[in-house]
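Text of upload_36.csv (CSV, C-alpha atoms) as supplied:
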chain,number,residue,atom,x,y,z
A,12,MET,CA,19.1,11.2,-8.5
A,13,GLY,CA,18.2,8.1,-10.6
A,14,ASP,CA,19.2,5.9,-7.7
A,15,ALA,CA,16.5,7.4,-5.4
A,16,ARG,CA,14.1,4.9,-3.8
A,17,VAL,CA,10.6,5.8,-4.9
A,18,GLY,CA,7.3,4.6,-3.4
A,19,PHE,CA,4.4,4.9,-5.8
A,20,ALA,CA,1.0,4.7,-4.2
A,21,LEU,CA,-2.3,4.3,-6.1
A,22,THR,CA,-5.6,5.3,-4.5
A,23,GLY,CA,-9.1,4.8,-5.7
A,24,SER,CA,-9.7,7.5,-8.3
A,25,PHE,CA,-10.5,4.6,-10.7
A,26,CYS,CA,-11.0,6.7,-13.8
A,27,THR,CA,-7.4,8.0,-13.4
A,28,LEU,CA,-5.7,4.7,-12.7
A,29,GLU,CA,-4.7,3.9,-16.3
A,30,LYS,CA,-3.0,7.3,-16.6
A,31,ALA,CA,-1.3,6.7,-13.2
A,32,ILE,CA,0.0,3.4,-14.4
A,33,ARG,CA,1.5,5.1,-17.4
A,34,ALA,CA,3.1,7.7,-15.1
A,35,MET,CA,4.5,4.9,-13.0
A,36,GLU,CA,6.1,3.4,-16.1
A,37,GLU,CA,7.6,6.7,-17.0
A,38,THR,CA,8.9,7.3,-13.5
A,39,ALA,CA,10.4,3.8,-13.3
A,40,ARG,CA,12.5,4.5,-16.4
A,41,GLU,CA,14.1,7.5,-14.5
A,42,TYR,CA,14.0,5.9,-11.1
A,43,PRO,CA,14.1,2.1,-11.4
A,44,ASN,CA,14.2,1.4,-7.6
A,45,MET,CA,10.5,1.7,-7.0
A,46,VAL,CA,8.0,0.0,-4.7
A,47,PRO,CA,4.2,-0.1,-5.5
A,48,ILE,CA,1.7,0.7,-2.8
A,49,LEU,CA,-2.0,0.1,-3.3
A,50,SER,CA,-4.8,1.4,-1.1
A,51,GLU,CA,-7.0,-1.3,0.2
A,52,THR,CA,-9.8,0.0,-2.0
A,53,THR,CA,-7.7,0.0,-5.1
A,54,GLY,CA,-6.3,-3.4,-4.4
A,55,ALA,CA,-9.8,-5.0,-3.9
A,56,THR,CA,-12.3,-3.1,-6.1
A,57,ASP,CA,-13.2,-4.0,-9.7
A,58,THR,CA,-14.9,-1.2,-11.6
A,59,ARG,CA,-15.9,-0.3,-15.2
A,60,PHE,CA,-12.4,1.2,-15.5
A,61,GLY,CA,-10.6,-2.1,-14.8
A,62,ARG,CA,-10.0,-5.0,-12.5
A,63,ALA,CA,-8.1,-4.6,-9.2
A,64,ALA,CA,-6.0,-7.7,-10.0
A,65,ASP,CA,-4.9,-6.2,-13.3
A,66,PHE,CA,-3.8,-2.9,-11.8
A,67,ARG,CA,-1.9,-4.8,-9.1
A,68,GLN,CA,-0.2,-7.0,-11.7
A,69,ALA,CA,0.8,-4.0,-13.8
A,70,ALA,CA,2.2,-2.1,-10.8
A,71,GLU,CA,4.2,-5.1,-9.6
A,72,GLU,CA,5.6,-5.8,-13.0
A,73,ILE,CA,6.6,-2.1,-13.5
A,74,CYS,CA,8.3,-1.9,-10.1
A,75,GLY,CA,9.6,-5.5,-9.9
A,76,HIS,CA,8.3,-5.7,-6.3
A,77,GLY,CA,5.2,-7.0,-4.6
A,78,ALA,CA,2.7,-4.3,-3.6
A,79,VAL,CA,2.4,-2.9,-0.1
A,80,GLU,CA,-1.3,-3.3,0.6
A,81,SER,CA,-1.8,-2.9,4.4
A,82,VAL,CA,-1.1,-0.6,7.3
A,83,ARG,CA,1.1,-3.3,8.8
A,84,GLU,CA,3.2,-3.5,5.6
A,85,ALA,CA,3.5,0.3,5.2
A,86,GLU,CA,4.5,1.1,8.8
A,87,PRO,CA,8.2,0.0,8.4
A,88,ILE,CA,8.7,2.5,5.6
A,89,GLY,CA,9.6,5.1,8.3
A,90,PRO,CA,11.7,3.3,10.8
A,91,LYS,CA,13.7,1.5,8.2
A,92,GLN,CA,14.0,4.6,6.0
A,93,LEU,CA,12.9,2.6,2.9
A,94,LEU,CA,12.1,5.5,0.6
A,95,ASP,CA,13.6,8.8,-0.6
A,96,VAL,CA,10.3,10.1,-2.1
A,97,LEU,CA,6.7,8.9,-1.9
A,98,VAL,CA,4.3,9.5,-4.8
A,99,ILE,CA,0.6,9.3,-4.3
A,100,ALA,CA,-1.0,9.2,-7.8
A,101,PRO,CA,-3.9,9.5,-8.1
A,102,CYS,CA,-4.6,11.1,-4.7
A,103,THR,CA,-8.3,11.1,-4.0
A,104,GLY,CA,-10.2,13.7,-2.0
A,105,ASN,CA,-10.6,11.1,0.8
A,106,THR,CA,-6.8,10.5,0.9
A,107,LEU,CA,-6.2,14.3,0.8
A,108,ALA,CA,-8.5,14.7,3.8
A,109,LYS,CA,-6.8,12.0,5.8
A,110,LEU,CA,-3.3,13.4,5.0
A,111,ALA,CA,-4.4,16.9,6.0
A,112,ASN,CA,-5.9,15.7,9.3
A,113,GLY,CA,-3.1,13.3,10.3
A,114,ILE,CA,-5.2,10.1,9.8
A,115,ALA,CA,-3.2,7.0,9.0
A,116,ASP,CA,-5.7,4.2,8.6
A,117,THR,CA,-4.9,2.9,5.1
A,118,SER,CA,-1.8,1.5,3.5
A,119,VAL,CA,-1.2,4.8,1.6
A,120,THR,CA,-1.8,7.2,4.5
A,121,MET,CA,0.4,5.1,6.8
A,122,ALA,CA,3.1,5.1,4.1
A,123,ALA,CA,2.9,8.9,4.1
A,124,LYS,CA,3.0,9.2,7.9
A,125,ALA,CA,5.9,6.8,8.2
A,126,HIS,CA,7.8,8.4,5.3
A,127,LEU,CA,7.3,12.0,6.6
A,128,ARG,CA,8.9,11.1,9.9
A,129,ASN,CA,12.2,11.1,8.0
A,130,SER,CA,11.5,14.7,6.6
A,131,ARG,CA,11.4,13.4,3.0
A,132,PRO,CA,9.2,14.5,0.1
A,133,VAL,CA,5.6,13.4,-0.6
A,134,VAL,CA,4.5,14.0,-4.2
A,135,VAL,CA,0.7,14.4,-4.5
A,136,ALA,CA,-1.2,14.0,-7.8
A,137,VAL,CA,-4.7,15.2,-6.9
A,138,SER,CA,-7.7,13.6,-8.6
A,139,THR,CA,-11.0,14.6,-7.0
A,140,ASN,CA,-14.4,15.8,-8.1
A,141,ASP,CA,-14.5,18.3,-5.2
A,142,GLY,CA,-11.1,19.8,-5.4
A,143,LEU,CA,-12.6,23.3,-5.6
A,144,GLY,CA,-15.3,22.3,-3.2
A,145,GLY,CA,-15.0,20.3,0.0
A,146,ALA,CA,-11.4,19.1,-0.7
A,147,ALA,CA,-10.1,22.6,-1.4
A,148,ARG,CA,-9.3,23.2,2.3
A,149,ASN,CA,-7.3,20.0,2.4
A,150,ILE,CA,-5.3,20.9,-0.7
A,151,GLY,CA,-4.6,24.3,0.9
A,152,GLU,CA,-3.5,22.7,4.1
A,153,LEU,CA,-1.0,20.4,2.4
A,154,LEU,CA,0.3,23.2,0.1
A,155,CYS,CA,1.5,25.1,3.2
A,156,ARG,CA,3.1,22.1,4.9
A,157,LYS,CA,6.8,21.2,4.6
A,158,HIS,CA,7.7,18.1,2.5
A,159,TYR,CA,4.5,18.1,0.3
A,160,TYR,CA,4.8,18.8,-3.4
A,161,PHE,CA,2.0,18.8,-5.9
A,162,VAL,CA,2.0,17.5,-9.4
A,163,PRO,CA,0.6,20.5,-11.4
A,164,PHE,CA,-3.1,20.2,-11.8
A,165,ARG,CA,-6.1,21.8,-13.6
A,166,GLN,CA,-9.9,21.7,-13.8
A,167,ASP,CA,-10.6,18.7,-16.0
A,168,ASP,CA,-14.1,19.7,-17.0
A,169,PRO,CA,-14.9,23.3,-15.9
A,170,VAL,CA,-18.4,23.3,-17.4
A,171,GLY,CA,-19.6,19.7,-16.6
A,172,LYS,CA,-17.7,19.3,-13.3
A,173,PRO,CA,-16.8,22.8,-12.1
A,174,THR,CA,-15.2,21.7,-8.8
A,175,SER,CA,-13.2,18.8,-10.2
A,176,LEU,CA,-9.4,18.9,-10.3
A,177,VAL,CA,-7.0,16.4,-11.8
A,178,ALA,CA,-3.2,16.4,-11.9
A,179,ASP,CA,-1.4,16.2,-15.2
A,180,MET,CA,0.0,12.7,-14.9
A,181,THR,CA,2.6,13.4,-17.6
A,182,LYS,CA,4.3,15.6,-15.1
A,183,VAL,CA,4.7,13.1,-12.3
A,184,THR,CA,8.4,12.2,-13.0
A,185,GLU,CA,9.3,15.9,-13.4
A,186,THR,CA,7.6,16.7,-10.1
A,187,VAL,CA,9.5,13.9,-8.4
A,188,THR,CA,12.8,15.2,-9.7
A,189,ALA,CA,12.0,18.7,-8.4
A,190,ALA,CA,10.7,17.4,-5.0
A,191,LEU,CA,14.0,15.6,-4.5
A,192,ARG,CA,15.7,19.0,-4.9
A,193,GLY,CA,13.2,20.5,-2.4
A,194,GLU,CA,11.4,22.5,-5.1
A,195,GLN,CA,7.8,22.7,-6.2
A,196,LEU,CA,7.4,22.2,-10.0
A,197,GLN,CA,5.9,25.3,-11.6
A,198,PRO,CA,3.5,26.4,-12.8
A,199,LEU,CA,1.3,24.5,-10.2
A,200,LEU,CA,-2.0,25.7,-11.7
A,201,LEU,CA,-2.4,24.7,-15.3
A,202,GLY,CA,-4.7,26.1,-18.0
A,203,PRO,CA,-7.3,24.0,-19.9
A,204,ALA,CA,-5.8,20.8,-21.4
A,205,ASP,CA,-6.6,22.0,-24.9
A,206,GLN,CA,-4.2,25.0,-24.7

Take the structure I supplied and represent it as C-alpha cells, if you would.
Amino acid sequence: MGDARVGFALTGSFCTLEKAIRAMEETAREYPNMVPILSETTGATDTRFGRAADFRQAAEEICGHGAVESVREAEPIGPKQLLDVLVIAPCTGNTLAKLANGIADTSVTMAAKAHLRNSRPVVVAVSTNDGLGGAARNIGELLCRKHYYFVPFRQDDPVGKPTSLVADMTKVTETVTAALRGEQLQPLLLGPADQ
C-alpha cells in the first residue's frame, strides 16, 4: 500500500496545524506519493499559531509537490483519478458541515467531492470546538456514509471546552492504512489524553 497516492488537505484549525504537519511528515514516510491541499483560509491567513507561507512551504517540502489551493485546481482530482485516499487533517467544523451537506466551494471540499466520485476513501481528522454541539450532527452524518473514515478522536478539554473534539494526529497514518483496506480504525472514541 506504500505506493498509494495520498492527498493531504489542511483546513483552518490553526491551533492544530503544527500537529497536522507532523502527521503529514509521518504519513509521507509510509506513503511518499503525496499531494498537499490547502484550504483558501489556511493558505492565506497568518495567526498567532504561525504564518500561512510557512505552513505552505512545510507542506510542499514534505510532499515534494506544489499545493492545490483552489476549487479549479482541485476539480481534476476526480476525473483524472489522481488519488487513492484523501486525508483532511485538521478538519474544521465548517468543513465538516460542508462535507455533510454536499457543499463544494473550497479547494478541500471540492477535492473531497471530486475524489468521492471514484468511491475512494476520505480520512477525516476532526478538530472543532463544537464537535459535541452544532457539529455533532455533521460528524454523525459522515460516520454513516460510505467511504468516510475518521481518525480516532477525543474531548481535548472536557472541563474548559466541554463540546470540543480533536483527532489524535499520531493516528493519521494508521487510519489511512485501515481506510485503504476499507476498515475504520478502532477504537474511534478515545479516552482522556493522559490515560

(request) Can you work out the spacing between CA of Asn44 in chain A and CA of Gln68 in chain A in Å, to one decimal? (result) 17.2 Å

(message) List as JSON, numbers by chain the protein and nucleic acid residues near Ala123 in chain A, meaning an atom at most 8 Å away when all atoms listed in the file are counted, but skip any in the same chain fewer than 3 places from it.
(response) {"A": [97, 110, 119, 120, 126, 127, 133]}

(message) Using all atoms listed in the file, which protein or nucleic acid residues come within 9 Å of Ile32 in chain A? Drop anything in the same chain fewer than 6 positions from it, and give the result as an NGL selection string.
(response) :A and (21 or 66 or 69-70 or 73 or 100)

(request) Go through A:Pro169, A:Pro43, A:Gly23, A:Pro163 one by one, measure the shortest atom-to-atom distance of each to Gly104 in chain A using all atoms listed in the file, and give the residue with the smallest value. (result)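 Smallest separation from Gly104 in chain A among the options: A:Gly23.
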
(request) Name the residues in contact with Ala136 in chain A at a cut-off of 10 Å, using all atoms listed in the file, excluding same-chain residues fewer than 5 positions from it; report them as a ChimeraX atom specification. (result) /A:21,31,98-103,107,160-164,176-180,182-183,186

(request) Using CA of Phe25 in chain A and CA of Thr52 in chain A as the two end points, give the distance in Å to one decimal. (result) 9.9 Å

(request) Could you tell me which of A:Arg40, A:Arg192, A:Lys109, A:Arg67 comes closest to Glu152 in chain A if we count all atoms listed in the file? (result) A:Lys109

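Of note, CA of Ala122 in chain A and CA of Ala34 in chain A are spaced 19.4 Å apart.
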
(message) List as a ChimeraX atom specification the residues having at least one atom at most 8 Å from position (6.0, 2.5, -7.7) as given in the file, counting all atoms listed in the file.
(response) /A:17-20,35,39,45-48,70,73-74,98

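Nearest residue to Val170 in chain A, choosing from A:Arg16, A:Thr38, A:Pro203, A:Val96 and counting only C-alpha atoms: A:Pro203.
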
(request) Determine the nearest neighbour of Met121 in chain A from the options A:Leu93, A:Ala108, A:Leu143, A:Ala85, counting only C-alpha atoms. (result) A:Ala85

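Nearest residue to Gly142 in chain A, choosing from A:Asp168, A:Asp116, A:Glu80, A:Asp65 and counting all atoms listed in the file: A:Asp168.
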
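If only C-alpha atoms are the atoms counted, then among A:Leu153, A:Ile88, A:Thr53, A:Gly77 the closest residue to Gly113 in chain A is A:Leu153.
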
(message) Give me, as a PyMOL selection string, all polymer residues having an atom no more than 12 Å from Asn112 in chain A, counting all atoms listed in the file and skipping those fewer than 6 positions away in the same chain.
(response) chain A and resi 105-106+120+124+146+148-150+152-153+156

Could you take the residues named above and write them with C-alpha atoms, as a compact mmCIF listing (two decimals), in the coordinates of the input?
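Saved to result22.txt:
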# COMPACT_ATOMS: atom_id res chain seq x y z
CA ASN A 105 -10.60 11.10 0.80
CA THR A 106 -6.80 10.50 0.90
CA THR A 120 -1.80 7.20 4.50
CA LYS A 124 3.00 9.20 7.90
CA ALA A 146 -11.40 19.10 -0.70
CA ARG A 148 -9.30 23.20 2.30
CA ASN A 149 -7.30 20.00 2.40
CA ILE A 150 -5.30 20.90 -0.70
CA GLU A 152 -3.50 22.70 4.10
CA LEU A 153 -1.00 20.40 2.40
CA ARG A 156 3.10 22.10 4.90
